[in-house]
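Peer 1: Provided below: upload-v2.tsv, containing TSV, C-alpha atoms.
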```tsv
chain	number	residue	atom	x	y	z
A	1	MET	CA	41.12	-27.84	-23.45
A	2	LYS	CA	38.05	-29.82	-22.51
A	3	ALA	CA	35.43	-31.00	-24.98
A	4	LEU	CA	32.09	-32.59	-24.22
A	5	ILE	CA	30.47	-34.71	-26.93
A	6	ILE	CA	26.79	-35.48	-26.35
A	7	GLY	CA	25.57	-38.34	-28.49
A	8	CYS	CA	28.22	-40.91	-29.30
A	9	GLY	CA	26.86	-42.31	-32.54
A	10	ARG	CA	28.60	-42.39	-35.90
A	11	VAL	CA	29.08	-38.64	-35.93
A	12	GLY	CA	29.72	-37.96	-32.25
A	13	SER	CA	32.20	-40.81	-31.79
A	14	ASN	CA	34.33	-39.67	-34.72
A	15	VAL	CA	34.34	-36.08	-33.53
A	16	ALA	CA	35.39	-37.38	-30.09
A	17	LEU	CA	38.20	-39.53	-31.52
A	18	GLN	CA	39.53	-36.75	-33.73
A	19	LEU	CA	39.52	-34.12	-30.96
A	20	ASP	CA	41.22	-36.65	-28.68
A	21	ARG	CA	43.97	-37.14	-31.29
A	22	GLU	CA	44.36	-33.37	-31.48
A	23	GLY	CA	45.10	-33.27	-27.78
A	24	TRP	CA	41.72	-32.31	-26.31
A	25	ASP	CA	40.52	-33.74	-23.04
A	26	VAL	CA	37.31	-35.38	-24.31
A	27	THR	CA	34.27	-36.80	-22.50
A	28	ALA	CA	31.48	-38.50	-24.46
A	29	VAL	CA	27.89	-38.90	-23.25
A	30	ASP	CA	25.41	-41.45	-24.58
A	31	GLU	CA	22.36	-43.17	-23.18
A	32	LYS	CA	23.40	-46.52	-24.65
A	33	GLU	CA	26.18	-48.43	-23.01
A	34	GLU	CA	27.34	-50.02	-26.25
A	35	ALA	CA	28.10	-46.56	-27.67
A	36	ILE	CA	31.48	-46.61	-25.91
A	37	GLY	CA	32.47	-49.39	-28.33
A	38	ARG	CA	32.54	-46.82	-31.13
A	39	LEU	CA	35.45	-45.13	-29.37
A	40	GLY	CA	37.65	-48.22	-29.82
A	41	ASP	CA	39.52	-50.42	-27.36
A	42	HIS	CA	42.09	-47.82	-26.39
A	43	TRP	CA	39.81	-44.94	-25.43
A	44	THR	CA	41.36	-43.05	-22.54
A	45	GLY	CA	38.91	-40.16	-22.51
A	46	GLY	CA	35.77	-40.00	-20.41
A	47	PHE	CA	32.44	-41.66	-21.03
A	48	VAL	CA	29.26	-40.94	-19.09
A	49	LEU	CA	26.20	-43.11	-19.48
A	50	GLY	CA	22.99	-41.09	-19.48
A	51	HIS	CA	20.68	-38.76	-21.36
A	52	GLY	CA	21.86	-35.31	-22.35
A	53	MET	CA	18.55	-33.77	-21.22
A	54	ASP	CA	19.49	-34.70	-17.66
A	55	THR	CA	21.46	-31.82	-16.15
A	56	ASP	CA	22.97	-34.14	-13.53
A	57	VAL	CA	24.47	-36.19	-16.35
A	58	LEU	CA	25.79	-33.02	-18.01
A	59	ARG	CA	27.38	-31.92	-14.74
A	60	GLU	CA	28.92	-35.33	-14.17
A	61	ALA	CA	30.41	-35.13	-17.67
A	62	GLY	CA	31.96	-31.78	-16.74
A	63	ILE	CA	29.84	-29.31	-18.68
A	64	GLU	CA	30.58	-26.58	-16.16
A	65	ASP	CA	34.20	-26.28	-17.21
A	66	ALA	CA	34.01	-27.55	-20.79
A	67	ASP	CA	35.61	-25.31	-23.42
A	68	ALA	CA	33.53	-26.80	-26.23
A	69	VAL	CA	30.28	-28.74	-26.35
A	70	VAL	CA	29.26	-30.74	-29.42
A	71	VAL	CA	25.65	-31.97	-29.46
A	72	ALA	CA	25.10	-34.77	-31.96
A	73	THR	CA	22.43	-37.21	-30.79
A	74	ASP	CA	20.11	-38.65	-33.42
A	75	GLY	CA	17.28	-36.25	-32.52
A	76	ASP	CA	17.20	-32.72	-33.93
A	77	ASN	CA	14.91	-31.38	-31.22
A	78	THR	CA	16.87	-33.05	-28.45
A	79	ASN	CA	20.04	-31.47	-29.83
A	80	ILE	CA	18.49	-28.01	-30.07
A	81	VAL	CA	17.23	-28.14	-26.48
A	82	ILE	CA	20.51	-29.47	-25.05
A	83	GLY	CA	22.43	-26.86	-27.06
A	84	GLN	CA	20.34	-24.05	-25.58
A	85	VAL	CA	20.73	-25.49	-22.08
A	86	ALA	CA	24.52	-25.62	-22.53
A	87	GLN	CA	24.51	-22.04	-23.77
A	88	GLN	CA	22.03	-20.46	-21.39
A	89	ARG	CA	22.25	-22.47	-18.19
A	90	PHE	CA	25.91	-23.40	-18.22
A	91	ASP	CA	27.13	-20.37	-20.14
A	92	ASN	CA	29.28	-22.37	-22.57
A	93	GLN	CA	30.67	-20.08	-25.26
A	94	CYS	CA	31.40	-22.75	-27.84
A	95	VAL	CA	28.35	-24.93	-28.43
A	96	VAL	CA	27.98	-26.70	-31.77
A	97	VAL	CA	24.72	-28.48	-32.54
A	98	ARG	CA	23.91	-30.98	-35.27
A	99	VAL	CA	20.50	-30.35	-36.84
A	100	LEU	CA	19.45	-32.42	-39.88
A	101	ASP	CA	16.45	-30.29	-40.84
A	102	PRO	CA	17.68	-27.22	-42.77
A	103	ALA	CA	14.65	-25.11	-41.76
A	104	ARG	CA	15.12	-25.58	-38.02
A	105	ALA	CA	18.91	-25.27	-38.38
A	106	GLU	CA	18.43	-21.86	-40.02
A	107	PHE	CA	15.87	-20.62	-37.50
A	108	TYR	CA	18.05	-21.49	-34.50
A	109	ARG	CA	21.19	-20.15	-36.23
A	110	GLN	CA	19.44	-16.78	-36.44
A	111	ARG	CA	18.75	-17.00	-32.73
A	112	GLY	CA	22.45	-17.37	-31.98
A	113	LEU	CA	22.90	-21.13	-31.75
A	114	ARG	CA	25.78	-22.50	-33.80
A	115	THR	CA	23.95	-25.16	-35.79
A	116	VAL	CA	25.58	-27.45	-38.34
A	117	CYS	CA	23.26	-28.97	-40.92
A	118	PRO	CA	24.65	-32.10	-42.62
A	119	THR	CA	21.66	-32.09	-44.99
A	120	SER	CA	22.53	-28.63	-46.31
A	121	VAL	CA	26.17	-29.68	-46.62
A	122	ALA	CA	25.14	-32.78	-48.58
A	123	ILE	CA	22.93	-30.71	-50.87
A	124	ASP	CA	25.78	-28.28	-51.59
A	125	VAL	CA	28.27	-31.06	-52.25
A	126	LEU	CA	25.85	-32.90	-54.54
A	127	LEU	CA	25.08	-29.73	-56.47
A	128	ASP	CA	28.78	-28.90	-56.85
A	129	SER	CA	29.46	-32.44	-58.06
A	130	VAL	CA	26.71	-32.22	-60.64
A	131	ARG	CA	27.93	-28.84	-61.85
A	132	ALA	CA	31.48	-30.18	-62.08
A	133	CYS	CA	30.41	-32.94	-64.49
A	134	GLU	CA	31.94	-32.27	-67.87
A	135	VAL	CA	29.01	-33.45	-69.88
A	136	ARG	CA	28.10	-31.46	-72.94
A	137	PRO	CA	24.43	-31.16	-73.93
A	138	ALA	CA	25.04	-32.90	-77.27
A	139	GLU	CA	26.43	-35.96	-75.50
A	140	THR	CA	23.55	-36.23	-73.06
A	141	ALA	CA	21.10	-35.93	-75.92
A	142	SER	CA	22.65	-38.87	-77.78
A	143	THR	CA	22.49	-41.27	-74.82
B	1	MET	CA	-10.92	-18.95	-30.95
B	2	TYR	CA	-8.58	-20.69	-33.32
B	3	LEU	CA	-6.48	-23.34	-31.60
B	4	LEU	CA	-3.69	-25.44	-33.02
B	5	ILE	CA	-2.99	-28.65	-31.13
B	6	ALA	CA	0.21	-30.61	-31.66
B	7	GLY	CA	-0.07	-34.26	-30.65
B	8	GLY	CA	-3.17	-36.38	-31.07
B	9	GLY	CA	-2.66	-38.85	-28.26
B	10	LYS	CA	-4.98	-39.19	-25.29
B	11	VAL	CA	-4.31	-35.66	-24.09
B	12	GLY	CA	-4.42	-33.86	-27.42
B	13	ALA	CA	-7.40	-35.76	-28.84
B	14	ASN	CA	-9.52	-35.32	-25.73
B	15	PHE	CA	-8.65	-31.64	-25.56
B	16	ALA	CA	-9.71	-31.23	-29.21
B	17	ARG	CA	-12.92	-33.16	-28.55
B	18	MET	CA	-13.75	-30.93	-25.60
B	19	LEU	CA	-13.15	-27.75	-27.58
B	20	LEU	CA	-15.21	-28.90	-30.54
B	21	LYS	CA	-18.06	-29.97	-28.30
B	22	ASP	CA	-18.12	-26.43	-27.03
B	23	GLY	CA	-18.92	-25.44	-30.61
B	24	ARG	CA	-17.32	-22.01	-30.48
B	25	HIS	CA	-13.82	-22.90	-31.55
B	26	GLU	CA	-11.90	-23.69	-34.66
B	27	VAL	CA	-9.43	-26.49	-34.02
B	28	THR	CA	-6.59	-28.02	-36.01
B	29	LEU	CA	-4.87	-31.13	-34.70
B	30	ILE	CA	-1.48	-32.40	-35.86
B	31	GLU	CA	-0.50	-36.05	-35.42
B	32	GLN	CA	2.57	-37.74	-36.84
B	33	ARG	CA	1.74	-41.41	-36.35
B	34	HIS	CA	-0.06	-42.92	-39.32
B	35	ASP	CA	-2.26	-45.33	-37.35
B	36	ARG	CA	-3.38	-42.63	-34.96
B	37	PHE	CA	-3.91	-40.14	-37.75
B	38	GLU	CA	-6.25	-42.51	-39.60
B	39	ARG	CA	-8.33	-43.09	-36.50
B	40	LEU	CA	-8.46	-39.36	-35.75
B	41	GLU	CA	-9.33	-38.50	-39.33
B	42	ARG	CA	-12.47	-40.60	-39.13
B	43	GLU	CA	-13.55	-38.52	-36.16
B	44	PHE	CA	-12.17	-35.06	-36.89
B	45	GLU	CA	-12.07	-35.22	-40.72
B	46	HIS	CA	-10.25	-32.26	-42.30
B	47	GLN	CA	-9.40	-30.80	-38.89
B	48	VAL	CA	-6.54	-33.22	-38.41
B	49	HIS	CA	-3.22	-33.05	-40.28
B	50	LEU	CA	-0.63	-35.77	-40.67
B	51	GLY	CA	2.94	-34.73	-39.95
B	52	ASP	CA	5.71	-33.90	-37.49
B	53	ALA	CA	4.63	-30.69	-35.75
B	54	THR	CA	8.24	-29.68	-35.19
B	55	GLU	CA	8.69	-29.37	-38.97
B	56	ILE	CA	8.10	-25.80	-40.11
B	57	TYR	CA	6.28	-26.78	-43.33
B	58	VAL	CA	3.88	-29.00	-41.35
B	59	LEU	CA	3.08	-26.16	-38.96
B	60	GLU	CA	2.57	-23.79	-41.87
B	61	ARG	CA	0.27	-26.19	-43.71
B	62	ALA	CA	-1.76	-26.44	-40.51
B	63	GLY	CA	-2.14	-22.67	-40.43
B	64	ILE	CA	0.43	-21.44	-37.90
B	65	ALA	CA	1.16	-18.30	-39.93
B	66	ARG	CA	-2.34	-16.89	-39.37
B	67	PRO	CA	-1.42	-17.20	-36.39
B	68	PRO	CA	-3.68	-19.20	-34.05
B	69	ASP	CA	-4.87	-17.60	-30.80
B	70	VAL	CA	-3.47	-20.58	-28.92
B	71	VAL	CA	-0.97	-23.31	-29.70
B	72	ALA	CA	-1.03	-26.32	-27.38
B	73	ALA	CA	2.10	-28.48	-27.59
B	74	LEU	CA	0.78	-31.73	-26.15
B	75	THR	CA	2.94	-34.48	-27.63
B	76	GLY	CA	4.47	-37.21	-25.51
B	77	ASP	CA	7.96	-35.86	-26.15
B	78	ASP	CA	9.25	-32.93	-24.11
B	79	GLU	CA	11.91	-31.88	-26.59
B	80	ASP	CA	9.28	-31.75	-29.34
B	81	ASN	CA	6.95	-29.71	-27.14
B	82	LEU	CA	9.76	-27.26	-26.38
B	83	ILE	CA	10.61	-26.76	-30.05
B	84	ILE	CA	6.94	-26.41	-31.08
B	85	SER	CA	6.50	-23.79	-28.35
B	86	GLN	CA	9.60	-21.84	-29.33
B	87	LEU	CA	8.70	-21.83	-33.02
B	88	SER	CA	5.13	-20.76	-32.24
B	89	GLN	CA	6.16	-17.96	-29.90
B	90	GLU	CA	9.22	-16.63	-31.58
B	91	LYS	CA	8.81	-17.35	-35.27
B	92	TYR	CA	5.06	-16.86	-35.62
B	93	GLY	CA	4.16	-14.58	-32.70
B	94	VAL	CA	1.44	-16.87	-31.34
B	95	PRO	CA	-0.01	-14.93	-28.36
B	96	LYS	CA	-0.54	-17.93	-26.09
B	97	VAL	CA	1.40	-21.19	-25.99
B	98	ILE	CA	0.67	-24.01	-23.59
B	99	ALA	CA	3.20	-26.83	-23.30
B	100	ARG	CA	2.86	-30.26	-21.81
B	101	VAL	CA	5.73	-31.47	-19.63
B	102	ASN	CA	5.85	-35.26	-19.66
B	103	ASP	CA	8.79	-35.76	-17.32
B	104	PRO	CA	8.75	-33.28	-14.42
B	105	ARG	CA	12.56	-33.35	-14.43
B	106	ASN	CA	12.39	-31.40	-17.70
B	107	GLN	CA	10.42	-28.54	-16.13
B	108	ALA	CA	13.63	-26.58	-15.59
B	109	HIS	CA	14.32	-26.59	-19.34
B	110	PHE	CA	10.89	-25.13	-20.09
B	111	ASP	CA	11.49	-22.45	-17.46
B	112	LEU	CA	14.95	-21.69	-18.79
B	113	LEU	CA	13.65	-21.22	-22.33
B	114	GLY	CA	10.72	-19.07	-21.25
B	115	ILE	CA	7.93	-21.52	-22.09
B	116	SER	CA	4.96	-20.80	-19.84
B	117	PRO	CA	2.39	-21.92	-18.90
B	118	THR	CA	3.20	-25.59	-18.75
B	119	VAL	CA	1.01	-28.48	-17.71
B	120	SER	CA	2.24	-31.76	-16.31
B	121	ALA	CA	-0.04	-34.72	-15.69
B	122	THR	CA	2.68	-36.54	-13.79
B	123	ARG	CA	3.27	-33.62	-11.46
B	124	GLY	CA	-0.46	-33.27	-10.90
B	125	LEU	CA	-0.83	-36.96	-10.18
B	126	MET	CA	2.07	-36.88	-7.77
B	127	ALA	CA	0.41	-34.06	-5.81
B	128	LEU	CA	-2.84	-36.03	-5.64
B	129	ILE	CA	-1.07	-39.18	-4.51
B	130	GLU	CA	0.90	-37.25	-1.89
B	131	HIS	CA	-2.37	-35.77	-0.67
B	132	GLU	CA	-3.80	-39.27	-0.18
B	133	VAL	CA	-0.69	-40.80	1.35
B	134	PRO	CA	0.04	-39.17	4.70
B	135	GLU	CA	3.73	-39.71	4.17
B	136	HIS	CA	4.74	-36.08	3.98
B	137	ASP	CA	4.00	-33.42	6.53
B	138	LEU	CA	3.64	-30.76	3.84
B	139	VAL	CA	1.89	-31.54	0.56
B	140	HIS	CA	2.15	-29.35	-2.54
B	141	LEU	CA	-1.32	-29.01	-3.99
B	142	LEU	CA	-0.94	-26.33	-6.59
B	143	GLU	CA	1.84	-24.35	-8.11
B	144	LEU	CA	1.08	-20.91	-9.53
B	145	ARG	CA	4.31	-20.48	-11.43
B	146	LYS	CA	3.56	-17.12	-12.97
B	147	GLU	CA	2.47	-15.64	-9.66
B	148	ASN	CA	5.44	-17.26	-7.89
B	149	LEU	CA	3.12	-18.75	-5.29
B	150	GLU	CA	2.14	-22.22	-4.24
B	151	ILE	CA	-0.63	-23.75	-2.20
B	152	VAL	CA	0.30	-26.43	0.32
B	153	GLU	CA	-1.52	-28.52	2.86
B	154	VAL	CA	-0.26	-29.36	6.33
B	155	GLN	CA	-1.75	-31.37	9.15
B	156	ILE	CA	-1.52	-29.99	12.68
B	157	ASP	CA	-0.51	-32.80	15.04
B	158	GLU	CA	-0.83	-33.10	18.79
B	159	GLY	CA	2.04	-31.17	20.33
B	160	ALA	CA	2.76	-29.10	17.22
B	161	PRO	CA	3.81	-25.54	18.05
B	162	ALA	CA	0.72	-24.13	16.33
B	163	ALA	CA	-1.77	-26.40	18.13
B	164	GLY	CA	-4.04	-24.39	20.40
B	165	LYS	CA	-2.89	-21.06	19.00
B	166	ARG	CA	-4.88	-18.44	17.19
B	167	VAL	CA	-3.77	-17.61	13.64
B	168	GLU	CA	-2.96	-14.00	14.59
B	169	LYS	CA	-0.54	-15.25	17.27
B	170	LEU	CA	1.49	-17.29	14.80
B	171	ASP	CA	4.79	-15.91	13.61
B	172	LEU	CA	4.18	-16.87	9.97
B	173	PRO	CA	7.03	-16.28	7.56
B	174	GLU	CA	6.79	-13.24	5.33
B	175	GLY	CA	5.16	-14.10	2.01
B	176	SER	CA	2.87	-16.73	3.48
B	177	ARG	CA	-0.71	-16.84	4.70
B	178	LEU	CA	-3.15	-19.46	5.91
B	179	ILE	CA	-6.19	-19.92	3.68
B	180	SER	CA	-8.49	-22.39	5.37
B	181	ILE	CA	-8.86	-24.96	8.11
B	182	MET	CA	-10.51	-28.32	7.52
B	183	ARG	CA	-11.90	-29.81	10.73
B	184	ASN	CA	-14.28	-32.78	11.08
B	185	GLY	CA	-15.00	-32.70	7.37
B	186	ARG	CA	-15.89	-29.01	7.35
B	187	ALA	CA	-13.77	-26.22	5.94
B	188	GLU	CA	-13.67	-22.65	7.15
B	189	ILE	CA	-11.69	-19.64	6.03
B	190	ALA	CA	-8.74	-18.92	8.31
B	191	VAL	CA	-9.02	-15.52	9.98
B	192	GLY	CA	-6.98	-13.96	12.78
B	193	ALA	CA	-9.22	-15.34	15.48
B	194	THR	CA	-9.30	-18.90	14.12
B	195	GLU	CA	-7.79	-21.30	16.61
B	196	LEU	CA	-5.72	-24.20	15.29
B	197	LEU	CA	-6.43	-27.58	16.86
B	198	PRO	CA	-4.69	-30.94	16.60
B	199	GLY	CA	-6.06	-32.84	13.61
B	200	ASP	CA	-6.75	-29.71	11.57
B	201	GLN	CA	-5.81	-29.76	7.92
B	202	VAL	CA	-4.57	-26.34	6.99
B	203	LEU	CA	-4.23	-24.88	3.50
B	204	ALA	CA	-1.58	-22.21	3.15
B	205	ILE	CA	-0.41	-20.03	0.28
B	206	LEU	CA	3.24	-19.07	0.18
B	207	GLN	CA	6.19	-18.18	-1.98
B	208	PRO	CA	8.20	-21.22	-3.07
B	209	GLY	CA	11.18	-21.74	-0.77
B	210	LYS	CA	9.35	-20.70	2.40
B	211	GLU	CA	8.23	-24.26	3.18
B	212	ASP	CA	10.82	-24.87	5.89
B	213	GLU	CA	9.99	-21.67	7.74
B	214	LEU	CA	6.30	-22.50	7.58
B	215	ARG	CA	7.01	-26.02	8.85
B	216	ARG	CA	8.90	-24.61	11.82
B	217	VAL	CA	6.03	-22.35	12.80
B	218	LEU	CA	3.25	-24.87	12.33
B	219	LEU	CA	4.69	-28.33	12.75
B	220	LYS	CA	7.99	-28.61	14.56
B	221	SER	CA	8.91	-27.24	17.94
```
Take the structure I supplied and represent it as structure tokens, if you would.

Peer 2:
Amino acid sequence: MKALIIGCGRVGSNVALQLDREGWDVTAVDEKEEAIGRLGDHWTGGFVLGHGMDTDVLREAGIEDADAVVVATDGDNTNIVIGQVAQQRFDNQCVVVRVLDPARAEFYRQRGLRTVCPTSVAIDVLLDSVRACEVRPAETAST
Amino acid sequence: MYLLIAGGGKVGANFARMLLKDGRHEVTLIEQRHDRFERLEREFEHQVHLGDATEIYVLERAGIARPPDVVAALTGDDEDNLIISQLSQEKYGVPKVIARVNDPRNQAHFDLLGISPTVSATRGLMALIEHEVPEHDLVHLLELRKENLEIVEVQIDEGAPAAGKRVEKLDLPEGSRLISIMRNGRAEIAVGATELLPGDQVLAILQPGKEDELRRVLLKS
């Protein structure tokens, strides 16, 4: 199974490393050369230097026969565009896109793009943590 | 008309200026850079909003839900322009969206996602430069994307297969036609009886992809 990870920052590199451990054939794409350092000294997967908006770079990284594409650069709009290109031009069935803005994540989810919104996840986790606090009103009042 | 312009750089600000000078339009400009915004605010006052035009709440504050008659996505970032265009068209039903393409290599993405019309200063400049530099035998002057037609210019050289022939005798490829002949600084409309001479600059209209066939008929033996 081949996975393409576009954007090899803190998020992308860890997704790449974990999929690699799980036996996927992984190629990472980043426009910065130093990004490969995040994959460690023993990285045996692929790495293509270039911008994910460039279809030649995507082809070189093997998008045409990738089973999964993860788009996680640091730009929401860049991710949304690359995700749609992967879906519509290259016909990838499994495209997952990181979008920090909950509003855009929701709009593009409705249009059939599998968006993941870390901000919404953080909000949910924070709310759950607050609700899980066993603080009684009387105690809060006294402090 | 009510126009919403995203991006207050040289392109966006001058476009807004032009529209306001006309006096018949209502214009809202969105700019995300603080320094630019402050400068623009002095000139455009309440007609300029500070914010990222790819953020839905910024667009809504600027009045996208009315919706505007036209949204012009003119920022210096192609991804941003694509998203602004998609949101305008698909979320708010804006009847006309014009998008700026900064890097011509991104044109294919705009086409893929159904964003049309697009404008590209770089592409336009390249055509003008090509026109001035006689490096290419066939120069693209104008692309009519919606019509699927383009206008090109070719120069008829000595010994070219078309030299000395009348237009009606040329075996022009289907989907192409000669428009005009420029000779000694004077242009005339190309008709069947027009004879092509060496040195003529010929404008032709054709469907994209027919360039090679046209070249064969006019330029190469």

Peer 1: Output the contact residues of chain A with respect to chain B at a cut-off of 7 Å, based on all atoms listed in the file, as a PyMOL selection string.

Peer 2: chain A and resi 77-78+81+103

Peer 1: Compile the contact shell of Leu58 (chain A) as a PyMOL selection string: residues with an atom at most 10 Å away, counting all atoms listed in the file, same-chain residues fewer than 3 positions apart removed.

Peer 2: chain A and resi 4+6+29+48+50-55+61-64+82+85-86+90

Peer 1: Please provide the set of residues having any atom within 8 Å of region 150-156 of chain B, restricted to all atoms listed in the file, with same-chain residues fewer than 4 positions apart removed, written as a ChimeraX atom specification.

Peer 2: /B:137-145,160,162-163,196-208,218-219

Peer 1: I'd like the interatomic distance between CA of Thr122 (chain B) and CA of Arg100 (chain B), to a tenth of an Å.

Peer 2: 10.2 Å

Peer 1: Give me the residues near Ala6 (chain B) as JSON, numbers by chain, where near means some atom within 6 Å (using only C-alpha atoms) and where sequence neighbours in that chain fewer than 2 positions away do not count.

Peer 2: {"B": [29, 30, 73, 74]}

Peer 1: Skipping near chain neighbours, those fewer than 6 positions away, what residues fall within 12 Å of Gly8 (chain B) using all atoms listed in the file, listed as an NGL selection string?

Peer 2: :B and (14-17 or 28-41 or 43-44 or 47-53 or 72-76)

Peer 1: Take CA of Tyr108 (chain A) and CA of Ile123 (chain A) and report the distance between them in Å, one decimal.

Peer 2: 19.4 Å

Peer 1: Can you work out the spacing between CA of Val97 (chain A) and CA of Gly112 (chain A) in Å, to one decimal?

Peer 2: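 Interatomic distance, CA of Val97 (chain A) to CA of Gly112 (chain A): 11.4 Å.
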
Peer 1: Residues around (1.2, -32.0, -16.9), cut-off 9 Å, counting all atoms listed in the file - what are they as a PyMOL selection string?

Peer 2: chain B and resi 99-104+118-125

Peer 1: Which residues, protein or nucleic acid, reach to within 9 Å of (19.2, -32.2, -39.0) in the file's coordinates when using all atoms listed in the file, and can you give that as a ChimeraX atom specification?

Peer 2: /A:74-77,98-105,116-120

Peer 1: For a quick check of understanding, using all atoms listed in the file, which of A:Thr73, A:Phe107, A:Gly9, A:Asp20 has the smallest distance to Tyr92 (chain B)?

Peer 2: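 Among A:Thr73, A:Phe107, A:Gly9, A:Asp20, it is A:Phe107 that comes nearest to Tyr92 (chain B).
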
Peer 1: Mind working out the centre and edge lengths of an axis-aligned box for region 63-81 of chain A, all listed atoms inside, 6 Å added to each side, rounded to one decimal in Å and written as JSON?

Peer 2:
```
{"center_x": 25.3, "center_y": -32.0, "center_z": -25.0, "size_x": 32.7, "size_y": 25.3, "size_z": 29.8}
```

Peer 1: Of the candidates B:Met126, B:Ile189, B:Leu4, B:Pro173, which one gets nearest to Arg66 (chain B) if we count only C-alpha atoms?

Peer 2: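 Among the listed residues, the smallest separation from Arg66 (chain B) belongs to B:Leu4.
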
Peer 1: Mind completing region 97-114 of chain B with N, CA and C atoms? Output as a PDB file, in the frame of the given file, please?

Peer 2:
```
ATOM      1  N   VAL B  97       0.888 -19.841 -25.745  1.00  0.00           N
ATOM      2  CA  VAL B  97       1.400 -21.190 -25.990  1.00  0.00           C
ATOM      3  C   VAL B  97       1.345 -21.970 -24.690  1.00  0.00           C
ATOM      4  N   ILE B  98       0.741 -23.151 -24.766  1.00  0.00           N
ATOM      5  CA  ILE B  98       0.670 -24.010 -23.590  1.00  0.00           C
ATOM      6  C   ILE B  98       1.464 -25.279 -23.906  1.00  0.00           C
ATOM      7  N   ALA B  99       2.369 -25.658 -23.024  1.00  0.00           N
ATOM      8  CA  ALA B  99       3.200 -26.830 -23.300  1.00  0.00           C
ATOM      9  C   ALA B  99       3.008 -27.901 -22.248  1.00  0.00           C
ATOM     10  N   ARG B 100       2.963 -29.134 -22.723  1.00  0.00           N
ATOM     11  CA  ARG B 100       2.860 -30.260 -21.810  1.00  0.00           C
ATOM     12  C   ARG B 100       4.267 -30.717 -21.422  1.00  0.00           C
ATOM     13  N   VAL B 101       4.468 -30.927 -20.133  1.00  0.00           N
ATOM     14  CA  VAL B 101       5.730 -31.470 -19.630  1.00  0.00           C
ATOM     15  C   VAL B 101       5.474 -32.922 -19.245  1.00  0.00           C
ATOM     16  N   ASN B 102       6.089 -33.854 -19.951  1.00  0.00           N
ATOM     17  CA  ASN B 102       5.850 -35.260 -19.660  1.00  0.00           C
ATOM     18  C   ASN B 102       6.657 -35.713 -18.450  1.00  0.00           C
ATOM     19  N   ASP B 103       7.925 -35.378 -18.439  1.00  0.00           N
ATOM     20  CA  ASP B 103       8.790 -35.760 -17.320  1.00  0.00           C
ATOM     21  C   ASP B 103       9.064 -34.519 -16.476  1.00  0.00           C
ATOM     22  N   PRO B 104       8.586 -34.494 -15.241  1.00  0.00           N
ATOM     23  CA  PRO B 104       8.750 -33.280 -14.420  1.00  0.00           C
ATOM     24  C   PRO B 104      10.208 -32.831 -14.289  1.00  0.00           C
ATOM     25  N   ARG B 105      11.147 -33.752 -14.511  1.00  0.00           N
ATOM     26  CA  ARG B 105      12.560 -33.350 -14.430  1.00  0.00           C
ATOM     27  C   ARG B 105      12.933 -32.375 -15.546  1.00  0.00           C
ATOM     28  N   ASN B 106      12.109 -32.329 -16.605  1.00  0.00           N
ATOM     29  CA  ASN B 106      12.390 -31.400 -17.700  1.00  0.00           C
ATOM     30  C   ASN B 106      11.795 -30.007 -17.492  1.00  0.00           C
ATOM     31  N   GLN B 107      11.049 -29.836 -16.401  1.00  0.00           N
ATOM     32  CA  GLN B 107      10.420 -28.540 -16.130  1.00  0.00           C
ATOM     33  C   GLN B 107      11.429 -27.391 -16.180  1.00  0.00           C
ATOM     34  N   ALA B 108      12.606 -27.635 -15.641  1.00  0.00           N
ATOM     35  CA  ALA B 108      13.630 -26.580 -15.590  1.00  0.00           C
ATOM     36  C   ALA B 108      14.005 -26.103 -16.992  1.00  0.00           C
ATOM     37  N   HIS B 109      13.989 -26.999 -17.972  1.00  0.00           N
ATOM     38  CA  HIS B 109      14.320 -26.590 -19.340  1.00  0.00           C
ATOM     39  C   HIS B 109      13.249 -25.671 -19.916  1.00  0.00           C
ATOM     40  N   PHE B 110      11.986 -25.986 -19.621  1.00  0.00           N
ATOM     41  CA  PHE B 110      10.890 -25.130 -20.090  1.00  0.00           C
ATOM     42  C   PHE B 110      11.013 -23.751 -19.446  1.00  0.00           C
ATOM     43  N   ASP B 111      11.334 -23.727 -18.171  1.00  0.00           N
ATOM     44  CA  ASP B 111      11.490 -22.450 -17.460  1.00  0.00           C
ATOM     45  C   ASP B 111      12.640 -21.655 -18.056  1.00  0.00           C
ATOM     46  N   LEU B 112      13.752 -22.339 -18.258  1.00  0.00           N
ATOM     47  CA  LEU B 112      14.950 -21.690 -18.790  1.00  0.00           C
ATOM     48  C   LEU B 112      14.662 -21.026 -20.135  1.00  0.00           C
ATOM     49  N   LEU B 113      13.887 -21.715 -20.972  1.00  0.00           N
ATOM     50  CA  LEU B 113      13.650 -21.220 -22.330  1.00  0.00           C
ATOM     51  C   LEU B 113      12.379 -20.362 -22.424  1.00  0.00           C
ATOM     52  N   GLY B 114      11.826 -20.017 -21.270  1.00  0.00           N
ATOM     53  CA  GLY B 114      10.720 -19.070 -21.250  1.00  0.00           C
ATOM     54  C   GLY B 114       9.403 -19.621 -21.765  1.00  0.00           C
TER      55      GLY B 114
END
```
